[in-house]
Each structure stands twice: as C-alpha cells, then as structure tokens.
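As provided, entry38.tsv (TSV, C-alpha atoms) reads as follows.
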```
chain	number	residue	atom	x	y	z
H	231	MET	CA	29.98	91.42	-43.15
H	232	LYS	CA	32.64	90.66	-40.52
H	233	LEU	CA	35.38	90.38	-43.11
H	234	LYS	CA	34.48	93.68	-44.66
H	235	TYR	CA	34.79	95.41	-41.28
H	236	ARG	CA	38.20	93.85	-40.62
H	237	ARG	CA	39.78	95.78	-43.45
H	238	ILE	CA	38.93	99.21	-42.04
H	239	PRO	CA	42.17	101.11	-41.40
H	240	GLU	CA	43.08	101.87	-37.77
H	241	GLU	CA	43.03	105.59	-38.54
H	242	THR	CA	39.43	105.36	-39.76
H	243	ILE	CA	38.45	103.52	-36.58
H	244	ARG	CA	40.14	106.28	-34.61
H	245	ARG	CA	37.93	108.86	-36.34
H	246	LEU	CA	34.60	106.99	-36.03
H	247	PRO	CA	33.94	108.07	-32.42
H	248	ILE	CA	34.65	111.65	-33.51
H	249	TYR	CA	32.01	111.35	-36.24
H	250	LEU	CA	29.62	109.77	-33.77
H	251	ARG	CA	29.96	112.76	-31.49
H	252	GLY	CA	29.57	115.15	-34.41
H	253	LEU	CA	26.36	113.36	-35.32
H	254	LEU	CA	25.16	113.74	-31.73
H	255	PHE	CA	25.85	117.49	-31.89
H	256	SER	CA	23.94	117.64	-35.16
H	257	SER	CA	20.94	115.83	-33.74
H	258	GLN	CA	20.99	118.06	-30.65
H	259	MET	CA	20.59	120.95	-33.07
H	260	LYS	CA	17.49	119.20	-34.44
H	261	TYR	CA	19.05	118.20	-37.75
H	262	LYS	CA	17.75	114.98	-39.33
H	263	ARG	CA	20.38	114.85	-42.08
H	264	VAL	CA	23.85	116.25	-42.26
H	265	SER	CA	26.20	116.74	-45.21
H	266	SER	CA	29.91	115.91	-45.04
H	267	HIS	CA	30.56	119.67	-45.11
H	268	GLU	CA	28.31	120.32	-42.12
H	269	LEU	CA	29.75	117.37	-40.22
H	270	SER	CA	33.21	118.68	-41.04
H	271	GLU	CA	32.40	121.91	-39.18
H	272	PHE	CA	31.54	119.95	-36.04
H	273	VAL	CA	34.47	117.56	-36.05
H	274	GLY	CA	37.34	119.47	-37.65
H	275	ILE	CA	38.05	116.77	-40.24
H	276	SER	CA	37.86	117.50	-43.96
H	277	PRO	CA	34.65	116.60	-45.85
H	278	CYS	CA	36.75	114.55	-48.25
H	279	GLN	CA	38.25	112.47	-45.43
H	280	ILE	CA	34.80	112.00	-43.89
H	281	ARG	CA	33.36	110.72	-47.17
H	282	LYS	CA	36.31	108.40	-47.65
H	283	ASP	CA	36.05	106.98	-44.13
H	284	LEU	CA	32.31	106.44	-44.33
H	285	SER	CA	32.57	104.82	-47.73
H	286	TYR	CA	34.07	101.75	-46.02
H	287	PHE	CA	30.63	100.95	-44.67
H	288	GLY	CA	28.63	101.19	-47.84
H	289	GLU	CA	26.33	103.92	-49.07
H	290	PHE	CA	25.01	106.15	-46.30
H	291	GLY	CA	25.11	109.52	-47.92
H	292	LYS	CA	23.26	110.77	-50.93
H	293	ARG	CA	24.75	113.57	-52.95
H	294	GLY	CA	22.95	116.80	-52.11
H	295	ILE	CA	20.88	115.22	-49.35
H	296	GLY	CA	23.54	114.20	-46.89
H	297	TYR	CA	23.70	111.48	-44.29
H	298	ASP	CA	20.73	110.24	-42.31
H	299	ILE	CA	21.97	111.03	-38.78
H	300	GLU	CA	20.09	108.32	-36.94
H	301	LYS	CA	20.95	105.58	-39.44
H	302	LEU	CA	24.61	106.52	-39.64
H	303	SER	CA	24.97	106.81	-35.85
H	304	SER	CA	23.47	103.41	-35.31
H	305	GLU	CA	25.73	101.86	-37.96
H	306	ILE	CA	28.87	103.43	-36.43
H	307	ARG	CA	27.80	102.14	-33.00
H	308	LYS	CA	27.44	98.67	-34.48
H	309	ILE	CA	30.85	98.80	-36.15
H	310	LEU	CA	32.52	100.01	-32.95
H	311	LYS	CA	30.58	97.35	-31.00
H	312	LEU	CA	29.03	100.06	-28.87
H	313	ASP	CA	25.54	98.64	-29.34
H	314	VAL	CA	25.70	96.69	-26.08
H	315	VAL	CA	26.28	98.10	-22.58
H	316	ARG	CA	29.83	97.45	-21.33
H	317	LYS	CA	30.80	97.53	-17.71
H	318	ALA	CA	33.94	99.39	-16.74
H	319	VAL	CA	35.99	99.61	-13.57
H	320	LEU	CA	37.96	102.67	-12.51
H	321	VAL	CA	41.17	102.52	-10.51
H	322	GLY	CA	42.24	105.77	-8.85
H	323	ALA	CA	39.65	108.09	-7.33
H	324	GLY	CA	41.70	111.30	-7.24
H	325	ASN	CA	40.77	114.44	-9.15
H	326	LEU	CA	40.92	112.84	-12.58
H	327	GLY	CA	39.25	109.61	-11.44
H	328	SER	CA	36.44	111.58	-9.78
H	329	ALA	CA	36.04	113.58	-12.97
H	330	VAL	CA	35.74	110.32	-14.92
H	331	LEU	CA	33.10	109.01	-12.50
H	332	THR	CA	30.98	112.14	-12.75
H	333	TYR	CA	31.56	112.72	-16.47
H	334	PRO	CA	28.26	112.50	-18.35
H	335	GLY	CA	29.88	111.43	-21.66
H	336	PHE	CA	30.45	107.75	-20.98
H	337	LYS	CA	26.74	106.88	-21.14
H	338	MET	CA	26.60	108.08	-24.74
H	339	TYR	CA	28.95	105.28	-25.74
H	340	ASN	CA	27.07	102.71	-23.63
H	341	PHE	CA	29.75	102.51	-20.95
H	342	ASP	CA	28.64	101.85	-17.41
H	343	ILE	CA	31.31	102.44	-14.76
H	344	THR	CA	30.11	100.05	-12.09
H	345	ALA	CA	33.08	99.89	-9.73
H	346	ALA	CA	35.92	102.08	-8.49
H	347	PHE	CA	39.01	101.28	-6.45
H	348	ASP	CA	41.65	103.27	-4.62
H	349	ALA	CA	44.57	102.57	-2.29
H	350	ASP	CA	43.97	105.60	-0.06
H	351	PRO	CA	42.11	104.65	3.17
H	352	ARG	CA	40.60	108.15	3.27
H	353	LYS	CA	38.91	107.49	-0.06
H	354	ILE	CA	37.84	103.89	0.46
H	355	GLY	CA	34.17	103.71	1.45
H	356	LYS	CA	33.39	107.17	0.08
H	357	LYS	CA	30.61	107.48	-2.49
H	358	ILE	CA	30.97	109.30	-5.80
H	359	LYS	CA	27.82	109.33	-7.93
H	360	ASN	CA	26.39	106.11	-6.43
H	361	ILE	CA	29.70	104.27	-6.73
H	362	THR	CA	31.35	103.29	-3.44
H	363	ILE	CA	35.15	103.39	-3.64
H	364	GLU	CA	36.53	99.95	-2.83
H	365	ASP	CA	39.91	98.87	-1.47
H	366	ILE	CA	42.37	98.16	-4.30
H	367	GLY	CA	43.42	95.08	-2.34
H	368	THR	CA	40.09	93.51	-3.26
H	369	ILE	CA	40.25	94.19	-7.00
H	370	ALA	CA	40.21	90.45	-7.80
H	371	SER	CA	36.45	90.64	-7.15
H	372	VAL	CA	36.11	92.31	-10.57
H	373	LYS	CA	36.47	88.91	-12.19
H	374	LYS	CA	33.09	87.75	-10.90
H	375	ARG	CA	31.37	90.97	-11.92
H	376	LYS	CA	31.76	90.61	-15.68
H	377	ILE	CA	33.61	93.88	-16.13
H	378	ASP	CA	35.28	94.17	-19.53
H	379	LEU	CA	37.04	97.52	-19.38
H	380	GLY	CA	39.55	98.99	-16.98
H	381	ILE	CA	40.23	102.70	-16.56
H	382	ILE	CA	43.53	103.72	-14.96
H	383	ALA	CA	43.67	107.13	-13.28
H	384	VAL	CA	46.47	106.58	-10.76
H	385	PRO	CA	49.81	108.43	-10.41
H	386	HIS	CA	52.17	107.22	-13.10
H	387	GLU	CA	54.45	105.32	-10.71
H	388	ALA	CA	51.48	103.05	-9.87
H	389	ALA	CA	50.21	102.65	-13.44
H	390	GLN	CA	52.02	99.43	-14.42
H	391	LYS	CA	51.11	97.71	-11.15
H	392	THR	CA	47.49	98.75	-11.68
H	393	ALA	CA	47.50	97.46	-15.26
H	394	ASP	CA	48.85	94.10	-14.06
H	395	ALA	CA	46.09	93.89	-11.43
H	396	LEU	CA	43.40	94.76	-13.99
H	397	VAL	CA	44.66	92.12	-16.44
H	398	LYS	CA	44.67	89.55	-13.65
H	399	ALA	CA	41.12	90.60	-12.78
H	400	GLY	CA	40.06	89.74	-16.32
H	401	VAL	CA	39.53	93.04	-18.13
H	402	LYS	CA	39.86	92.83	-21.91
H	403	ALA	CA	40.88	96.40	-22.61
H	404	ILE	CA	42.35	99.34	-20.72
H	405	LEU	CA	41.97	103.09	-20.97
H	406	ASN	CA	45.08	104.61	-19.40
H	407	PHE	CA	45.03	108.22	-18.20
H	408	SER	CA	48.50	108.00	-16.63
H	409	PRO	CA	51.09	109.75	-18.77
H	410	CYS	CA	53.29	106.68	-19.17
H	411	TYR	CA	53.68	103.56	-21.25
H	412	ILE	CA	52.29	100.34	-19.80
H	413	THR	CA	53.00	96.80	-20.89
H	414	VAL	CA	50.24	94.19	-21.10
H	415	PRO	CA	49.72	90.85	-22.84
H	416	LYS	CA	49.11	91.15	-26.61
H	417	ARG	CA	45.44	90.18	-26.30
H	418	ILE	CA	44.68	93.28	-24.21
H	419	LYS	CA	44.16	96.55	-26.08
H	420	VAL	CA	45.44	99.64	-24.31
H	421	ILE	CA	44.62	103.22	-25.21
H	422	THR	CA	46.64	105.85	-23.40
H	423	ILE	CA	45.12	109.31	-23.15
H	424	ASP	CA	47.17	112.35	-22.39
H	425	ILE	CA	44.85	115.23	-21.61
H	426	ALA	CA	47.69	117.65	-22.36
H	427	MET	CA	48.44	116.17	-25.77
H	428	ASP	CA	45.50	117.72	-27.53
H	429	LEU	CA	46.59	121.10	-26.27
H	430	ALA	CA	49.89	120.44	-28.04
H	431	ARG	CA	48.15	120.82	-31.40
H	432	LEU	CA	46.82	124.28	-30.64
H	433	PRO	CA	49.87	126.56	-31.00
H	434	TYR	CA	50.37	125.30	-34.56
H	435	TYR	CA	47.10	126.99	-35.52
H	436	MET	CA	47.69	130.17	-33.59
H	437	PRO	CA	48.64	133.35	-35.43
H	438	ALA	CA	52.18	134.48	-34.70
H	439	GLY	CA	52.98	137.28	-32.24
G	204	MET	CA	60.69	126.79	-44.53
G	205	LYS	CA	57.29	128.21	-43.52
G	206	LEU	CA	55.72	127.30	-46.82
G	207	LYS	CA	56.92	123.74	-46.57
G	208	TYR	CA	55.26	123.37	-43.14
G	209	ARG	CA	51.97	124.80	-44.40
G	210	ARG	CA	51.37	121.83	-46.63
G	211	ILE	CA	51.38	119.28	-43.82
G	212	PRO	CA	47.98	117.52	-43.70
G	213	GLU	CA	45.80	118.13	-40.63
G	214	GLU	CA	45.85	114.42	-39.83
G	215	THR	CA	49.65	114.43	-39.70
G	216	ILE	CA	49.59	117.42	-37.35
G	217	ARG	CA	47.13	115.49	-35.20
G	218	ARG	CA	49.61	112.63	-34.92
G	219	LEU	CA	52.74	114.70	-34.21
G	220	PRO	CA	52.02	115.14	-30.46
G	221	ILE	CA	51.49	111.38	-30.28
G	222	TYR	CA	54.92	110.81	-31.80
G	223	LEU	CA	56.40	113.38	-29.46
G	224	ARG	CA	55.09	111.46	-26.50
G	225	GLY	CA	56.30	108.16	-27.95
G	226	LEU	CA	59.74	109.71	-28.29
G	227	LEU	CA	59.58	110.81	-24.65
G	228	PHE	CA	58.73	107.25	-23.59
G	229	SER	CA	61.66	106.00	-25.68
G	230	SER	CA	64.09	108.44	-24.11
G	231	GLN	CA	62.79	107.55	-20.63
G	232	MET	CA	63.81	104.00	-21.48
G	233	LYS	CA	67.30	105.30	-22.21
G	234	TYR	CA	67.08	104.85	-25.96
G	235	LYS	CA	69.08	107.29	-28.09
G	236	ARG	CA	67.60	106.16	-31.38
G	237	VAL	CA	64.32	104.56	-32.24
G	238	SER	CA	63.10	102.81	-35.40
G	239	SER	CA	59.66	103.38	-36.87
G	240	HIS	CA	58.80	99.84	-35.72
G	241	GLU	CA	59.81	100.55	-32.12
G	242	LEU	CA	58.00	103.89	-32.13
G	243	SER	CA	54.96	102.12	-33.55
G	244	GLU	CA	54.85	99.92	-30.43
G	245	PHE	CA	54.70	102.99	-28.19
G	246	VAL	CA	52.13	104.96	-30.14
G	247	GLY	CA	49.87	102.38	-31.79
G	248	ILE	CA	50.30	103.84	-35.28
G	249	SER	CA	51.72	101.74	-38.11
G	250	PRO	CA	55.44	102.09	-38.95
G	251	CYS	CA	54.48	102.91	-42.52
G	252	GLN	CA	52.24	105.79	-41.43
G	253	ILE	CA	54.96	107.07	-39.08
G	254	ARG	CA	57.55	107.09	-41.88
G	255	LYS	CA	55.11	108.83	-44.21
G	256	ASP	CA	54.23	111.51	-41.65
G	257	LEU	CA	57.84	112.21	-40.71
G	258	SER	CA	58.90	112.38	-44.34
G	259	TYR	CA	57.12	115.76	-44.54
G	260	PHE	CA	59.93	117.26	-42.50
G	261	GLY	CA	62.89	115.93	-44.41
G	262	GLU	CA	65.23	113.11	-43.64
G	263	PHE	CA	65.38	112.22	-39.95
G	264	GLY	CA	65.62	108.47	-40.08
G	265	LYS	CA	68.32	106.31	-41.55
G	266	ARG	CA	67.41	102.85	-42.72
G	267	GLY	CA	68.55	100.32	-40.13
G	268	ILE	CA	69.65	103.00	-37.66
G	269	GLY	CA	66.36	104.69	-36.87
G	270	TYR	CA	65.51	108.19	-35.76
G	271	ASP	CA	67.68	110.32	-33.49
G	272	ILE	CA	65.23	110.85	-30.62
G	273	GLU	CA	66.52	114.19	-29.42
G	274	LYS	CA	66.80	115.70	-32.89
G	275	LEU	CA	63.37	114.48	-34.00
G	276	SER	CA	61.70	115.64	-30.75
G	277	SER	CA	63.15	119.09	-31.07
G	278	GLU	CA	62.07	119.33	-34.72
G	279	ILE	CA	58.50	118.25	-33.92
G	280	ARG	CA	58.37	120.82	-31.10
G	281	LYS	CA	59.48	123.47	-33.57
G	282	ILE	CA	56.86	122.47	-36.14
G	283	LEU	CA	54.12	122.47	-33.52
G	284	LYS	CA	55.43	125.80	-32.17
G	285	LEU	CA	55.94	124.22	-28.78
G	286	ASP	CA	59.47	125.61	-28.50
G	287	VAL	CA	58.30	128.66	-26.54
G	288	VAL	CA	56.45	128.66	-23.23
G	289	ARG	CA	52.75	129.49	-23.62
G	290	LYS	CA	50.56	130.73	-20.85
G	291	ALA	CA	47.16	129.15	-20.40
G	292	VAL	CA	44.11	130.02	-18.32
G	293	LEU	CA	41.70	127.47	-16.91
G	294	VAL	CA	38.01	128.14	-16.39
G	295	GLY	CA	36.22	125.70	-14.09
G	296	ALA	CA	37.95	124.33	-11.03
G	297	GLY	CA	35.77	121.28	-10.41
G	298	ASN	CA	37.09	117.72	-10.52
G	299	LEU	CA	38.26	117.85	-14.12
G	300	GLY	CA	39.66	121.39	-13.79
G	301	SER	CA	41.55	120.41	-10.65
G	302	ALA	CA	42.91	117.38	-12.47
G	303	VAL	CA	44.08	119.66	-15.28
G	304	LEU	CA	45.81	121.99	-12.79
G	305	THR	CA	47.66	119.17	-11.08
G	306	TYR	CA	48.37	117.16	-14.23
G	307	PRO	CA	52.12	116.86	-14.81
G	308	GLY	CA	51.83	116.47	-18.59
G	309	PHE	CA	51.31	120.09	-19.60
G	310	LYS	CA	54.89	121.08	-18.76
G	311	MET	CA	56.20	118.63	-21.34
G	312	TYR	CA	54.55	120.65	-24.08
G	313	ASN	CA	55.74	123.96	-22.61
G	314	PHE	CA	52.32	124.97	-21.34
G	315	ASP	CA	52.18	127.02	-18.19
G	316	ILE	CA	48.73	127.30	-16.62
G	317	THR	CA	49.08	130.62	-14.84
G	318	ALA	CA	45.49	131.45	-13.92
G	319	ALA	CA	42.25	129.70	-13.01
G	320	PHE	CA	38.71	130.99	-12.64
G	321	ASP	CA	35.46	129.66	-11.23
G	322	ALA	CA	31.98	130.98	-10.52
G	323	ASP	CA	31.53	129.08	-7.25
G	324	PRO	CA	32.18	131.35	-4.20
G	325	ARG	CA	33.34	128.27	-2.25
G	326	LYS	CA	36.13	127.73	-4.76
G	327	ILE	CA	37.20	131.34	-5.32
G	328	GLY	CA	40.30	132.14	-3.26
G	329	LYS	CA	41.27	128.47	-2.83
G	330	LYS	CA	44.73	127.43	-3.97
G	331	ILE	CA	45.43	124.45	-6.22
G	332	LYS	CA	49.11	123.84	-6.92
G	333	ASN	CA	50.13	127.48	-6.36
G	334	ILE	CA	47.28	128.81	-8.48
G	335	THR	CA	44.67	130.84	-6.62
G	336	ILE	CA	41.18	130.41	-8.07
G	337	GLU	CA	39.84	133.78	-9.18
G	338	ASP	CA	36.29	135.04	-9.61
G	339	ILE	CA	35.01	134.43	-13.16
G	340	GLY	CA	33.56	137.94	-13.01
G	341	THR	CA	37.11	139.29	-13.26
G	342	ILE	CA	38.21	137.22	-16.26
G	343	ALA	CA	38.79	140.35	-18.36
G	344	SER	CA	42.07	140.71	-16.43
G	345	VAL	CA	43.46	137.89	-18.58
G	346	LYS	CA	43.93	140.36	-21.40
G	347	LYS	CA	46.72	142.19	-19.57
G	348	ARG	CA	48.47	138.97	-18.60
G	349	LYS	CA	49.44	137.81	-22.10
G	350	ILE	CA	47.65	134.50	-21.89
G	351	ASP	CA	47.24	132.79	-25.26
G	352	LEU	CA	45.32	129.64	-24.45
G	353	GLY	CA	42.04	129.02	-22.71
G	354	ILE	CA	40.99	125.72	-21.17
G	355	ILE	CA	37.28	125.14	-20.56
G	356	ALA	CA	36.32	122.64	-17.85
G	357	VAL	CA	32.87	123.89	-16.88
G	358	PRO	CA	29.50	122.09	-17.02
G	359	HIS	CA	28.31	121.98	-20.62
G	360	GLU	CA	25.48	124.47	-20.10
G	361	ALA	CA	28.11	127.11	-19.21
G	362	ALA	CA	30.57	126.21	-21.99
G	363	GLN	CA	29.45	128.67	-24.69
G	364	LYS	CA	29.28	131.58	-22.23
G	365	THR	CA	32.78	130.69	-21.02
G	366	ALA	CA	34.10	130.50	-24.58
G	367	ASP	CA	32.66	133.96	-25.31
G	368	ALA	CA	34.33	135.37	-22.20
G	369	LEU	CA	37.67	133.80	-23.12
G	370	VAL	CA	37.54	135.17	-26.66
G	371	LYS	CA	36.73	138.62	-25.25
G	372	ALA	CA	39.68	138.25	-22.88
G	373	GLY	CA	41.96	137.76	-25.87
G	374	VAL	CA	42.86	134.08	-25.98
G	375	LYS	CA	43.89	132.78	-29.40
G	376	ALA	CA	42.94	129.14	-28.97
G	377	ILE	CA	40.70	127.05	-26.75
G	378	LEU	CA	40.88	123.53	-25.40
G	379	ASN	CA	37.32	122.51	-24.55
G	380	PHE	CA	36.71	119.65	-22.13
G	381	SER	CA	32.94	120.20	-22.05
G	382	PRO	CA	31.12	117.58	-24.10
G	383	CYS	CA	29.44	120.08	-26.39
G	384	TYR	CA	30.00	122.13	-29.50
G	385	ILE	CA	31.01	125.76	-29.02
G	386	THR	CA	30.97	128.56	-31.57
G	387	VAL	CA	33.81	131.09	-31.77
G	388	PRO	CA	35.14	133.53	-34.38
G	389	LYS	CA	36.98	131.86	-37.27
G	390	ARG	CA	40.40	133.12	-36.11
G	391	ILE	CA	40.15	131.12	-32.86
G	392	LYS	CA	41.07	127.45	-33.02
G	393	VAL	CA	39.04	125.18	-30.78
G	394	ILE	CA	39.87	121.61	-29.91
G	395	THR	CA	37.17	119.72	-28.03
G	396	ILE	CA	38.26	116.76	-25.96
G	397	ASP	CA	35.86	114.11	-24.87
G	398	ILE	CA	37.55	111.91	-22.29
G	399	ALA	CA	34.99	109.20	-22.99
G	400	MET	CA	35.56	109.21	-26.74
G	401	ASP	CA	38.81	107.30	-26.66
G	402	LEU	CA	37.11	104.59	-24.65
G	403	ALA	CA	34.69	104.28	-27.57
G	404	ARG	CA	37.46	102.77	-29.69
G	405	LEU	CA	38.18	99.96	-27.25
G	406	PRO	CA	35.29	97.51	-27.75
G	407	TYR	CA	36.17	97.26	-31.45
G	408	TYR	CA	39.43	95.58	-30.49
G	409	MET	CA	37.97	93.33	-27.84
G	410	PRO	CA	37.48	89.63	-28.54
G	411	ALA	CA	33.83	88.62	-28.74
G	412	GLY	CA	32.02	86.95	-25.85
```
Now that the file is in, can you turn its structure into structure tokens?
Amino acid sequence: MKLKYRRIPEETIRRLPIYLRGLLFSSQMKYKRVSSHELSEFVGISPCQIRKDLSYFGEFGKRGIGYDIEKLSSEIRKILKLDVVRKAVLVGAGNLGSAVLTYPGFKMYNFDITAAFDADPRKIGKKIKNITIEDIGTIASVKKRKIDLGIIAVPHEAAQKTADALVKAGVKAILNFSPCYITVPKRIKVITIDIAMDLARLPYYMPAG
Amino acid sequence: MKLKYRRIPEETIRRLPIYLRGLLFSSQMKYKRVSSHELSEFVGISPCQIRKDLSYFGEFGKRGIGYDIEKLSSEIRKILKLDVVRKAVLVGAGNLGSAVLTYPGFKMYNFDITAAFDADPRKIGKKIKNITIEDIGTIASVKKRKIDLGIIAVPHEAAQKTADALVKAGVKAILNFSPCYITVPKRIKVITIDIAMDLARLPYYMPAG
C-alpha cells in the first residue's frame, strides 16, 4: 500500500486537497455521489484530469454512477495523512496571522492551531479565538508541546529568522505566507503561499476590452 | 499568436504565476539567468515539468545556459495579461480583507486595489493604506470606476450575495477567499482560495512518528 502511494506525482498530490474541498461542497449540497463532471464544476479541473488523478488510488468511481463522496473523501484524507489531528503554531499575529487564527477552514483538514507568537509587546498576551499570543522569545517551548507544523505570517524581512526558530523548535513542515523564499534543512517541507498569486491567473480568462 | 496561446493547458496556466514568482526570487538573488533545475528549487515543481510548460511559448532556454530571467518574466506577464495595470475592488475589510489591502504582493502582478467595501458601520469611513472603506450599499458605484476584478473576503454566509453584487457592478473576474462555492454567470471567472488548503498538502511530506 505504502509503495503504491509513493509513486503518486507531486502535481496529483497538489490537486487532492482541491478535490477534497470540492467533495465537501458537494456533500454540503446534500449529494451522496458525484460524477467527475460535477466535481469538475466545483474545482475548475477537467473531468479527464480528475479521473486520471483518482485512478492512482484504485477504483472509486463507477461509470454512470459517480464517486461515493464519503468514501472518496476519507480515502483522500488517508492518503494526505489528514486522518489524525495535527497541531500547528502560528508566528506573526498581524492582520494575516489573525485571519489565519480565526479562519474556519483549518478544522476541515484536521489542523489545530494551538499556539501563536509575536514580537510586538502590544500583541503579546492578547487573546485571539482562545489562543493567547506568546512572546516570540519563548518559542523554544514549542518543542515540548508536540507541534508538527509551523505557519509563518511575519513581514518578509523576518521570515528567514522565523523559519530558523521554527526548525529549531522542532516543527516538521512550514506553511509560509511571507512573499519570499526561505531556506530550511532538506527534511523540512516548506509550502509558500502568495495570496496575490491566484489573482494573477484571472486576467488570462477575462474578455478583452 | 493568440491562437497559439489558446492551446495552453489550464494546469500550465495555473503554474505560470508560480514560475513568475520563482523568477522574481531569482532576480532578487542577483541572478541574470536561471536553469530549470535552479528554478525548480524555488518553486517546488520538477525541472522536467518546468521545461515542458515553458516549451508552449517557444524557445526561452538554452541548454547549459538557462533561461533569461527578464525576458521570460516579461513573456509570462504578457501571456497572463499582467502587462497592464488592473483595478480591483475588495469586499470585506475584516482581518483577511485588511491583510489583502496591506499585502505587498499584489503590485508585483500589476493589481491595484482601488476600492474597499464593508457592511459594518464601525468599519465604513476608516482608512487602510490610503483606501477608505465604503458602505457596501453603494457598491454600484464600482461600475463607473472601471474596476475589473472583485475580491471577496466576507464571512461565507455573505459570499454569494457579495458575488451577485460584484457581478451587477460589472467586474469580470472574482477572487473568492470565502471557503464556499459561489455561482456566477458563465462569462465571469471565479478563483476560490482556501488559505488552509495548501496546509493540507504538508502532512503527506512529513516523516512518520
């Protein structure tokens, strides 16, 4: 089973969370099954690509009947290792960091943001959604708290320093919201998100004039 | 020229902004040229995929010399129609909306957020980075201001209503930060961003235990 999963292309892995969210939308609309064409409408990926991606995991869909939403969702969660709760720590409690803390979407993927740090004395001690902002100087305490994931939402000039501190504090992966490249040891996976980047795809689809 | 661009697969278009940002990182590091292997390091996409994607636009790279960063960036901007400034309007000036307004990354893609609206009387009239928050009740005024893009950063229960108002106000494309599916006329392109979704790819790459 493990070996089979290993051979899934990176690009397919990149699309799995998109499918997972499309399946959630479908189930919110009270569907029990969804065809690749219907799912395509929700996620903006071609039915053909969807079928190809999902074929890596065996036979979920039946021609003319579609995919069983609950079964497929649970399988994708398993593949993405989202079937256990993962603790995350946020660094940077500015606008974006506060948005991350209050964002309802993380729960869906079994992420639990259990700690938040900032360097600004005016923010330290403040509470955002039950999380008390801690002093960045004490970030080493993360190590004892079994936190696997780090989220960086600091100004870009502080991003590398923050990444170094998170690595030292034992996180295994980092989600970076700062629009800059950060360097970490090979064993740490970093995903950098640029909230403007998705907007960059829009003009291509806009009619001229 | 137009026809040639039309045949570019959606997935390639999706990756072009990622390459554009990788090229920006490279130029920030004072590179003039970058190989597909170097670019791969910045963007987390395989060199082979990069070469395949860029081959749609003719010959940019030379074996052993790499891509001319400035030339390739400018070509990608042209393909994505990012070579002209586009005005955008934001609806929802909460944490995420405020983060969008103050985010430095939009300029890089030639986006100019020129207006922002909210329904909350406590927010209306406030200034965030030179933008005065306007009353959502007056959003029809967008039509006269030649704004092409709408950005939705409202709670998900208000997302569809906001999308309807934006379409009525004449936007041609929508970037939706609300974690829900919205319906719009076929001519309007919608991209929904889930800031948690990228985090969903991380556990897959994490070592067990």
Quiz item: Suppose you want the space between CA of Ile248 in chain G and CA of Ile309 in chain H; what is it in Å?
Solution: 20.1 Å
Practice problem: Rank nothing, just name the residue among G:Ile272, G:Leu219, G:Met409, G:Val387 nearest to Val246 in chain G, using all atoms listed in the file. | Solution: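 Using all atoms listed in the file, the shortest distance to Val246 in chain G belongs to G:Leu219.
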Self-check item: chain H residues near chain G (8 Å cut-off, all atoms listed in the file) as a PyMOL selection string
Solution: chain H and resi 240+243-244+247-248+255+272+275+309-312+325-326+328-330+335-336+339+402-405+409-411+418-421+423-437
Self-check item: Residues near Pro324 in chain G, cut-off 10 Å, only C-alpha atoms, skip fewer than 6 positions along chain, as number ranges by chain
Solution: G: 336-339
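For the pair CA of Val345 in chain G and CA of Ala362 in chain G, the interatomic distance is 17.7 Å.
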Please determine an axis-aligned box that encloses all atoms of range 279-287 of chain G listed in the file, with 3 Å added on each side, and express its centre and edge lengths in Å to one decimal as lines of an AutoDock Vina configuration file.
```
center_x = 56.8
center_y = 123.5
center_z = -31.3
size_x = 11.4
size_y = 16.4
size_z = 15.6
```
Quiz item: So how far away is CA of Gly355 in chain H from CA of Lys332 in chain G, in Å?
Solution: 26.4 Å
Selecting C-alpha atoms, how would range 214-262 of chain G from this structure be written as a compact mmCIF listing (two decimals), in the first residue's frame?
```txt
# COMPACT_ATOMS: atom_id res chain seq x y z
CA GLU G 214 -2.71 23.32 -15.50
CA THR G 215 0.16 25.12 -17.24
CA ILE G 216 -1.62 28.46 -16.78
CA ARG G 217 -2.02 27.57 -13.11
CA ARG G 218 1.74 27.13 -12.80
CA LEU G 219 2.81 30.26 -14.71
CA PRO G 220 2.32 32.65 -11.75
CA ILE G 221 4.39 30.23 -9.65
CA TYR G 222 7.21 30.43 -12.19
CA LEU G 223 6.86 34.20 -12.30
CA ARG G 224 7.39 34.36 -8.58
CA GLY G 225 10.32 31.95 -8.76
CA LEU G 226 11.88 34.21 -11.37
CA LEU G 227 11.37 37.20 -9.05
CA PHE G 228 13.15 35.33 -6.24
CA SER G 229 15.98 34.51 -8.65
CA SER G 230 16.36 38.12 -9.74
CA GLN G 231 16.27 39.26 -6.09
CA MET G 232 19.28 37.00 -5.62
CA LYS G 233 21.00 38.88 -8.44
CA TYR G 234 20.79 36.06 -10.95
CA LYS G 235 20.51 37.05 -14.62
CA ARG G 236 19.83 33.55 -15.87
CA VAL G 237 18.32 30.54 -14.21
CA SER G 238 18.26 26.87 -15.22
CA SER G 239 15.16 24.71 -14.93
CA HIS G 240 16.92 22.91 -12.05
CA GLU G 241 17.55 26.15 -10.15
CA LEU G 242 14.01 27.37 -10.80
CA SER G 243 12.73 24.00 -9.60
CA GLU G 244 14.37 24.65 -6.21
CA PHE G 245 12.46 27.91 -5.85
CA VAL G 246 9.07 26.69 -6.96
CA GLY G 247 8.89 23.03 -5.95
CA ILE G 248 7.95 21.83 -9.44
CA SER G 249 10.13 19.34 -11.31
CA PRO G 250 12.63 20.67 -13.89
CA CYS G 251 11.05 18.42 -16.48
CA GLN G 252 7.58 19.88 -15.88
CA ILE G 253 9.01 23.41 -16.00
CA ARG G 254 10.69 22.76 -19.35
CA LYS G 255 7.51 21.21 -20.72
CA ASP G 256 5.34 24.12 -19.58
CA LEU G 257 7.69 26.78 -20.92
CA SER G 258 8.05 24.99 -24.24
CA TYR G 259 4.49 26.12 -25.07
CA PHE G 260 5.81 29.63 -25.55
CA GLY G 261 8.74 28.90 -27.82
CA GLU G 262 12.41 28.73 -27.08
```
